[in-house]
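Heads up, the thing below is written out as structure tokens.
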There are 2 protein chains.
Amino acid sequence: MARTLGSHAKHTKPKISAIALNLFSELGFAAVSMRQIAAKAGLQAGALYNYFPDKQSILSELLMNHMENLLETWSAQVLPDEPNELLKFFVDFHIDYHLNRPDEVFIAYMELRNLSEDNFRKIEKLRGKYELILSKILTDGVKEDLFFCKDIKITSLAIIGMLKELNTWYKKDGRVSVLEVKNIYKEIVLKAVS
Amino acid sequence: MARTLGSHAKHTKPKISAIALNLFSELGFAAVSMRQIAAKAGLQAGALYNYFPDKQSILSELLMNHMENLLETWSAQVLPDEPNELLKFFVDFHIDYHLNRPDEVFIAYMELRNLSEDNFRKIEKLRGKYELILSKILTDGVKEDLFFCKDIKITSLAIIGMLKELNTWYKKDGRVSVLEVKNIYKEIVLKAVS
DNA sequence: GTTTTTTTTGAACGATCGTTCAGTTATTAA
DNA sequence: TTAATAACTGAACGATCGTTCAAAAAAAAC
């Protein structure tokens, strides 16, 4: 035997992923060519196929990693018990996580249709899990008579939609700081379920 | 002179627009070919160039019409004076208008990057006008001490984000009726600015 | 240094893309 | 009916696409 897998490969694959993420986010999956990705990685297009079976797999791996990482990061958090505090914690967490990964967030809801049906279902399942986190927080709060909402599922979606909107306009060097934005959103969310 | 402009054209151009709207929404602008659009319209690809100078113009015309129509339709409404009623009216209006035009709404925020810089700026300007409608409602409500929000601009964006989310999951034959959804959203929005 | 295996190249494949345009057909004014 | 023009065809243009693969280069194992 000679040359264990990953003499350059260990560096090359993450490099390809990072470059693809950037390009997909900037130009859109359909508008980015394999040659474009390869060029930025200092490779020829053919070399990409040592790391990914096809173009779509680059995208689906990015999306899977993003969603799995999101859920794992949440699981690693130490959560407050009290529903009001937990809801605020969720808002803070969501904003922090998403504002720090604008490219992943962007392609995660822009490029879903470029996935195969299988991969699409997998991603949707993970997304559903994330929405369930918020639903559960609301459910517990409603049980304890701390929150009130007509429909927990719809309220969850509405809140997540509100939070997602942030990524479409927030600029780190803008008028308001992340801290301020978080406080504004926490207040809106808390009032929305009061 | 013979044959005045639009013997068939009067029917053909709207037909092309409608077909393109459908395809763009379903497959994405970049993934739809001129030949595909032409085939569905019973034409050859070349014929499309009698009606649009290039592919991007089909998209930009769709988006411009959508945004202009949105603003015009709003202008034609008879508005209630009282801020609480006006805010509810806005929510109802937004949901009605957008749920009835899912394809337009979808491409309006999915395909912006496929516009030229000029066309992009025009659309963004119209979008800003729409956001200003809501901002003004909030501003008036705050002045009269009926609403409270830390930051009107951000609150407007958050509310519109929440409303936009609706289009990504709402199905007409789903669990809840449009009327119920509207009521749920109106309650959430009103509480969010209380 | 030789062998073995990984990694990459570079050319080629067939397909499809947006767009152009000379020529044909369909329609209408005169 | 004839002349004028609008509408459309059908072929062609050059370019680019995702993907494949034999051959070459690079790196590790012996």
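Numbering starts fresh at 1 for the residues of each chain in the structure tokens, the chains themselves are lettered A, B, ... in the order given, and ligands are numbered from 1 as they appear.
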
Please build the interface table for chain D against chain B with a cut-off of 7 Å, listing for each qualifying residue the nearest atom pair and the distance in Å to one decimal; count only C-alpha atoms (C1' of nucleotides), order rows by chain and increasing number, and write it as a Markdown table.
```
| residue | atom | partner | partner_atom | distance |
| --- | --- | --- | --- | --- |
| D:DA4 | C1' | B:Ala2 | CA | 5.4 |
| D:DT5 | C1' | B:Ala2 | CA | 5.5 |
| D:DA6 | C1' | B:Arg3 | CA | 6.1 |
| D:DC8 | C1' | B:Ala47 | CA | 6.0 |
| D:DT9 | C1' | B:Gln44 | CA | 6.9 |
```

Output N, CA and C atoms (P, O5', C5', C4', C3', O3' and C1' of nucleotides) for every residue in the selection just made, as a PDB file, in the first residue's frame.
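The file below, selection.pdb, is the result:
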```
ATOM      1  P    DA D   4     -45.785  48.353 -51.847  1.00  0.00           P
ATOM      2  O5'  DA D   4     -46.024  48.150 -50.292  1.00  0.00           O
ATOM      3  C5'  DA D   4     -47.133  48.807 -49.675  1.00  0.00           C
ATOM      4  C4'  DA D   4     -47.290  48.264 -48.261  1.00  0.00           C
ATOM      5  C3'  DA D   4     -45.978  48.136 -47.488  1.00  0.00           C
ATOM      6  O3'  DA D   4     -46.135  48.769 -46.224  1.00  0.00           O
ATOM      7  C1'  DA D   4     -47.213  46.122 -47.366  1.00  0.00           C
ATOM      8  P    DT D   5     -44.850  49.087 -45.370  1.00  0.00           P
ATOM      9  O5'  DT D   5     -45.095  48.120 -44.121  1.00  0.00           O
ATOM     10  C5'  DT D   5     -46.384  48.084 -43.520  1.00  0.00           C
ATOM     11  C4'  DT D   5     -46.535  46.797 -42.744  1.00  0.00           C
ATOM     12  C3'  DT D   5     -45.331  46.424 -41.861  1.00  0.00           C
ATOM     13  O3'  DT D   5     -45.852  45.995 -40.622  1.00  0.00           O
ATOM     14  C1'  DT D   5     -46.035  44.580 -43.073  1.00  0.00           C
ATOM     15  P    DA D   6     -45.129  46.404 -39.261  1.00  0.00           P
ATOM     16  O5'  DA D   6     -45.884  45.416 -38.249  1.00  0.00           O
ATOM     17  C5'  DA D   6     -47.274  45.173 -38.437  1.00  0.00           C
ATOM     18  C4'  DA D   6     -47.591  43.717 -38.162  1.00  0.00           C
ATOM     19  C3'  DA D   6     -46.860  43.111 -36.984  1.00  0.00           C
ATOM     20  O3'  DA D   6     -47.797  42.344 -36.258  1.00  0.00           O
ATOM     21  C1'  DA D   6     -46.460  41.799 -38.897  1.00  0.00           C
ATOM     22  P    DC D   8     -46.673  35.245 -33.637  1.00  0.00           P
ATOM     23  O5'  DC D   8     -45.703  34.280 -34.460  1.00  0.00           O
ATOM     24  C5'  DC D   8     -46.244  33.580 -35.597  1.00  0.00           C
ATOM     25  C4'  DC D   8     -45.119  32.920 -36.366  1.00  0.00           C
ATOM     26  C3'  DC D   8     -44.145  32.121 -35.514  1.00  0.00           C
ATOM     27  O3'  DC D   8     -44.425  30.743 -35.689  1.00  0.00           O
ATOM     28  C1'  DC D   8     -43.073  33.338 -37.284  1.00  0.00           C
ATOM     29  P    DT D   9     -43.450  29.652 -35.025  1.00  0.00           P
ATOM     30  O5'  DT D   9     -42.548  29.264 -36.268  1.00  0.00           O
ATOM     31  C5'  DT D   9     -43.171  28.976 -37.519  1.00  0.00           C
ATOM     32  C4'  DT D   9     -42.114  28.648 -38.560  1.00  0.00           C
ATOM     33  C3'  DT D   9     -41.123  27.558 -38.130  1.00  0.00           C
ATOM     34  O3'  DT D   9     -41.013  26.635 -39.200  1.00  0.00           O
ATOM     35  C1'  DT D   9     -39.952  29.520 -38.799  1.00  0.00           C
TER      36       DT D   9
END
```

Residues near DT20 of chain D, cut-off 10 Å, only C-alpha atoms (C1' of nucleotides), skip fewer than 4 positions along chain, as a PDB file with N, CA and C atoms (P, O5', C5', C4', C3', O3' and C1' of nucleotides), in the first residue's frame:
```pdb
ATOM      1  N   GLY A  46     -12.304  18.383 -13.880  1.00  0.00           N
ATOM      2  CA  GLY A  46     -12.352  16.935 -13.674  1.00  0.00           C
ATOM      3  C   GLY A  46     -11.959  16.508 -12.273  1.00  0.00           C
ATOM      4  N   TYR A  49     -14.390  15.687  -9.356  1.00  0.00           N
ATOM      5  CA  TYR A  49     -15.131  14.422  -9.298  1.00  0.00           C
ATOM      6  C   TYR A  49     -14.402  13.366  -8.470  1.00  0.00           C
TER       7      TYR A  49
ATOM      8  P    DA C  12      -8.793  16.754 -28.377  1.00  0.00           P
ATOM      9  O5'  DA C  12     -10.147  15.934 -28.234  1.00  0.00           O
ATOM     10  C5'  DA C  12     -10.099  14.626 -27.682  1.00  0.00           C
ATOM     11  C4'  DA C  12     -11.425  14.316 -27.051  1.00  0.00           C
ATOM     12  C3'  DA C  12     -12.642  14.744 -27.884  1.00  0.00           C
ATOM     13  O3'  DA C  12     -13.229  13.609 -28.488  1.00  0.00           O
ATOM     14  C1'  DA C  12     -12.928  15.165 -25.537  1.00  0.00           C
ATOM     15  P    DC C  13     -14.484  13.716 -29.418  1.00  0.00           P
ATOM     16  O5'  DC C  13     -15.701  13.519 -28.421  1.00  0.00           O
ATOM     17  C5'  DC C  13     -15.770  12.346 -27.609  1.00  0.00           C
ATOM     18  C4'  DC C  13     -17.082  12.355 -26.848  1.00  0.00           C
ATOM     19  C3'  DC C  13     -18.230  12.969 -27.642  1.00  0.00           C
ATOM     20  O3'  DC C  13     -19.015  11.921 -28.199  1.00  0.00           O
ATOM     21  C1'  DC C  13     -18.116  13.887 -25.402  1.00  0.00           C
TER      22       DC C  13
END
```

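Closest approach to DT16 of chain D from the set A:Ile123, A:Val32, A:Val181, A:Leu70 is made by A:Val32, with distances taken over only C-alpha atoms (C1' of nucleotides).
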
What are the closest atom pairs, with distances in Å to one decimal, for all residues of chain C lying within 9 Å of chain A? Consider only C-alpha atoms (C1' of nucleotides), order rows by chain and residue number, and present the result as a Markdown table.
```
| residue | atom | partner | partner_atom | distance |
| --- | --- | --- | --- | --- |
| C:DT3 | C1' | A:Ala2 | CA | 9.0 |
| C:DT4 | C1' | A:Ala2 | CA | 5.6 |
| C:DT5 | C1' | A:Ala2 | CA | 5.4 |
| C:DT6 | C1' | A:Arg3 | CA | 6.3 |
| C:DT7 | C1' | A:His8 | CA | 7.9 |
| C:DT8 | C1' | A:Ala47 | CA | 6.1 |
| C:DT9 | C1' | A:Gln44 | CA | 7.0 |
| C:DG10 | C1' | A:Gln44 | CA | 8.4 |
```

How would the residues just chosen look if you wrote them out with N, CA and C atoms (P, O5', C5', C4', C3', O3' and C1' of nucleotides) as a PDB file, in the first residue's frame?
```
ATOM      1  P    DT C   3      10.507  -1.388  -9.936  1.00  0.00           P
ATOM      2  O5'  DT C   3       9.229  -1.304  -8.976  1.00  0.00           O
ATOM      3  C5'  DT C   3       9.264  -1.977  -7.713  1.00  0.00           C
ATOM      4  C4'  DT C   3       8.045  -1.590  -6.902  1.00  0.00           C
ATOM      5  C3'  DT C   3       6.718  -1.672  -7.663  1.00  0.00           C
ATOM      6  O3'  DT C   3       5.797  -2.409  -6.880  1.00  0.00           O
ATOM      7  C1'  DT C   3       6.925   0.431  -6.605  1.00  0.00           C
ATOM      8  P    DT C   4       4.437  -2.918  -7.499  1.00  0.00           P
ATOM      9  O5'  DT C   4       3.427  -1.945  -6.731  1.00  0.00           O
ATOM     10  C5'  DT C   4       3.554  -1.792  -5.301  1.00  0.00           C
ATOM     11  C4'  DT C   4       2.654  -0.658  -4.846  1.00  0.00           C
ATOM     12  C3'  DT C   4       1.296  -0.625  -5.549  1.00  0.00           C
ATOM     13  O3'  DT C   4       0.286  -0.530  -4.563  1.00  0.00           O
ATOM     14  C1'  DT C   4       2.308   1.510  -5.621  1.00  0.00           C
ATOM     15  P    DT C   5      -1.236  -0.814  -4.913  1.00  0.00           P
ATOM     16  O5'  DT C   5      -1.805   0.645  -4.684  1.00  0.00           O
ATOM     17  C5'  DT C   5      -1.465   1.336  -3.470  1.00  0.00           C
ATOM     18  C4'  DT C   5      -1.742   2.813  -3.649  1.00  0.00           C
ATOM     19  C3'  DT C   5      -3.098   3.139  -4.284  1.00  0.00           C
ATOM     20  O3'  DT C   5      -3.818   3.969  -3.395  1.00  0.00           O
ATOM     21  C1'  DT C   5      -1.382   4.435  -5.246  1.00  0.00           C
ATOM     22  P    DT C   6      -5.292   4.452  -3.650  1.00  0.00           P
ATOM     23  O5'  DT C   6      -5.050   6.030  -3.613  1.00  0.00           O
ATOM     24  C5'  DT C   6      -4.204   6.560  -2.594  1.00  0.00           C
ATOM     25  C4'  DT C   6      -3.819   7.984  -2.967  1.00  0.00           C
ATOM     26  C3'  DT C   6      -4.987   8.901  -3.289  1.00  0.00           C
ATOM     27  O3'  DT C   6      -4.773  10.126  -2.620  1.00  0.00           O
ATOM     28  C1'  DT C   6      -3.450   8.941  -5.072  1.00  0.00           C
ATOM     29  P    DT C   7      -5.896  11.205  -2.539  1.00  0.00           P
ATOM     30  O5'  DT C   7      -5.548  12.175  -3.741  1.00  0.00           O
ATOM     31  C5'  DT C   7      -4.286  12.820  -3.749  1.00  0.00           C
ATOM     32  C4'  DT C   7      -4.072  13.479  -5.094  1.00  0.00           C
ATOM     33  C3'  DT C   7      -5.245  14.332  -5.585  1.00  0.00           C
ATOM     34  O3'  DT C   7      -4.832  15.692  -5.592  1.00  0.00           O
ATOM     35  C1'  DT C   7      -4.280  13.032  -7.343  1.00  0.00           C
ATOM     36  P    DT C   8      -5.778  16.834  -6.081  1.00  0.00           P
ATOM     37  O5'  DT C   8      -5.412  16.959  -7.615  1.00  0.00           O
ATOM     38  C5'  DT C   8      -4.072  17.247  -7.966  1.00  0.00           C
ATOM     39  C4'  DT C   8      -3.919  17.156  -9.470  1.00  0.00           C
ATOM     40  C3'  DT C   8      -4.926  17.991 -10.259  1.00  0.00           C
ATOM     41  O3'  DT C   8      -4.259  19.111 -10.823  1.00  0.00           O
ATOM     42  C1'  DT C   8      -4.565  15.841 -11.232  1.00  0.00           C
ATOM     43  P    DT C   9      -5.096  20.075 -11.790  1.00  0.00           P
ATOM     44  O5'  DT C   9      -4.655  19.530 -13.227  1.00  0.00           O
ATOM     45  C5'  DT C   9      -3.294  19.265 -13.468  1.00  0.00           C
ATOM     46  C4'  DT C   9      -3.124  18.587 -14.819  1.00  0.00           C
ATOM     47  C3'  DT C   9      -3.723  19.368 -15.977  1.00  0.00           C
ATOM     48  O3'  DT C   9      -2.723  19.533 -16.970  1.00  0.00           O
ATOM     49  C1'  DT C   9      -4.476  17.104 -16.002  1.00  0.00           C
ATOM     50  P    DG C  10      -2.747  20.851 -17.908  1.00  0.00           P
ATOM     51  O5'  DG C  10      -3.411  20.255 -19.230  1.00  0.00           O
ATOM     52  C5'  DG C  10      -2.961  18.987 -19.706  1.00  0.00           C
ATOM     53  C4'  DG C  10      -3.959  18.464 -20.709  1.00  0.00           C
ATOM     54  C3'  DG C  10      -4.754  19.541 -21.443  1.00  0.00           C
ATOM     55  O3'  DG C  10      -4.911  19.129 -22.778  1.00  0.00           O
ATOM     56  C1'  DG C  10      -6.236  18.070 -20.423  1.00  0.00           C
TER      57       DG C  10
END
```

Item to check | Spatial neighbours of DG14 of chain D, max dist 12 Å, only C-alpha atoms (C1' of nucleotides), sep filter under 6 positions, as a count of residues only | outcome: 4

Give me, as a tab-separated table, the closest atom pair and its distance (Å, one decimal) for every residue of chain B within a cut-off of 6 Å of chain A, counting only C-alpha atoms, rows sorted by chain and rising number.
```
residue	atom	partner	partner_atom	distance
B:Ala158	CA	A:Met162	CA	4.9
B:Gly161	CA	A:Met162	CA	4.8
B:Met162	CA	A:Met162	CA	4.4
B:Glu165	CA	A:Gly161	CA	5.0
B:Ile188	CA	A:Ala192	CA	4.9
B:Lys191	CA	A:Ala192	CA	5.0
B:Ala192	CA	A:Ala192	CA	4.4
```

Would you mind exporting the chosen residues as a short mmCIF file (atom, residue, chain, number, x, y, z; two decimals), in the first residue's frame, restricted to N, CA and C atoms?
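Result file out.cif:
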```cif
data_model
loop_
_atom_site.label_atom_id
_atom_site.label_comp_id
_atom_site.auth_asym_id
_atom_site.auth_seq_id
_atom_site.Cartn_x
_atom_site.Cartn_y
_atom_site.Cartn_z
N ALA B 158 -39.67 43.07 10.23
CA ALA B 158 -40.00 41.82 10.92
C ALA B 158 -41.42 41.37 10.59
N GLY B 161 -41.60 40.19 7.03
CA GLY B 161 -40.95 38.88 6.96
C GLY B 161 -41.87 37.78 7.45
N MET B 162 -42.55 38.06 8.51
CA MET B 162 -43.50 37.11 9.08
C MET B 162 -44.60 36.81 8.07
N GLU B 165 -43.42 34.71 5.04
CA GLU B 165 -43.24 33.30 5.36
C GLU B 165 -44.49 32.49 5.00
N ILE B 188 -51.26 38.19 16.18
CA ILE B 188 -49.82 38.22 16.45
C ILE B 188 -49.23 39.60 16.18
N LYS B 191 -50.36 42.22 18.75
CA LYS B 191 -49.67 42.05 20.03
C LYS B 191 -48.20 42.46 19.92
N ALA B 192 -47.62 42.20 18.78
CA ALA B 192 -46.19 42.50 18.59
C ALA B 192 -45.89 43.98 18.72
#
```

Next on the checklist: Residues of segment 24-168 of chain B classed as alpha helix (DSSP H) by DSSP on the backbone are to be reported as a ChimeraX atom specification.
Outcome noted: /B:24-27,34-40,55-75,83-99,102-110,117-143,152-168

What lies within 8 Å of segment 126-133 of chain A using only C-alpha atoms (C1' of nucleotides), ignoring chain neighbours under 4 positions off, as a tab-separated table (two decimals) with C-alpha atoms, in the first residue's frame?
```tsv
chain	number	residue	atom	x	y	z
A	67	MET	CA	-28.81	21.78	9.09
A	68	GLU	CA	-27.08	19.08	11.11
A	71	LEU	CA	-29.34	21.08	15.39
A	122	LYS	CA	-33.85	14.88	4.24
A	137	ILE	CA	-41.06	26.04	23.76
A	156	SER	CA	-43.80	29.07	15.25
A	157	LEU	CA	-43.60	29.51	11.50
A	160	ILE	CA	-39.12	31.84	12.36
```

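Restricting the calculation to only C-alpha atoms (C1' of nucleotides), the smallest distance between DG14 of chain C and any of D:DA12, D:DA23, D:DC30, D:DC17 is found for D:DC17.
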
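Atom pair atom CA of Leu138 of chain B / atom CA of Lys88 of chain B: separated by 11.5 Å.
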
Item to check | Residue contacts of His66 of chain B (12 Å, only C-alpha atoms (C1' of nucleotides)) excluding same-chain residues fewer than 2 positions away, as a PyMOL selection string | outcome: chain B and resi 17+21+59-64+68-73+97-98+101-109+123+126-127

Checklist entry - So, counting only C-alpha atoms (C1' of nucleotides), which residue among D:DC13, D:DA26, D:DA7, D:DC21 is closest to Thr12 of chain B? => result D:DA7

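Going from atom CA of Glu144 of chain B over to atom CA of Phe93 of chain B, you cover 22.9 Å.
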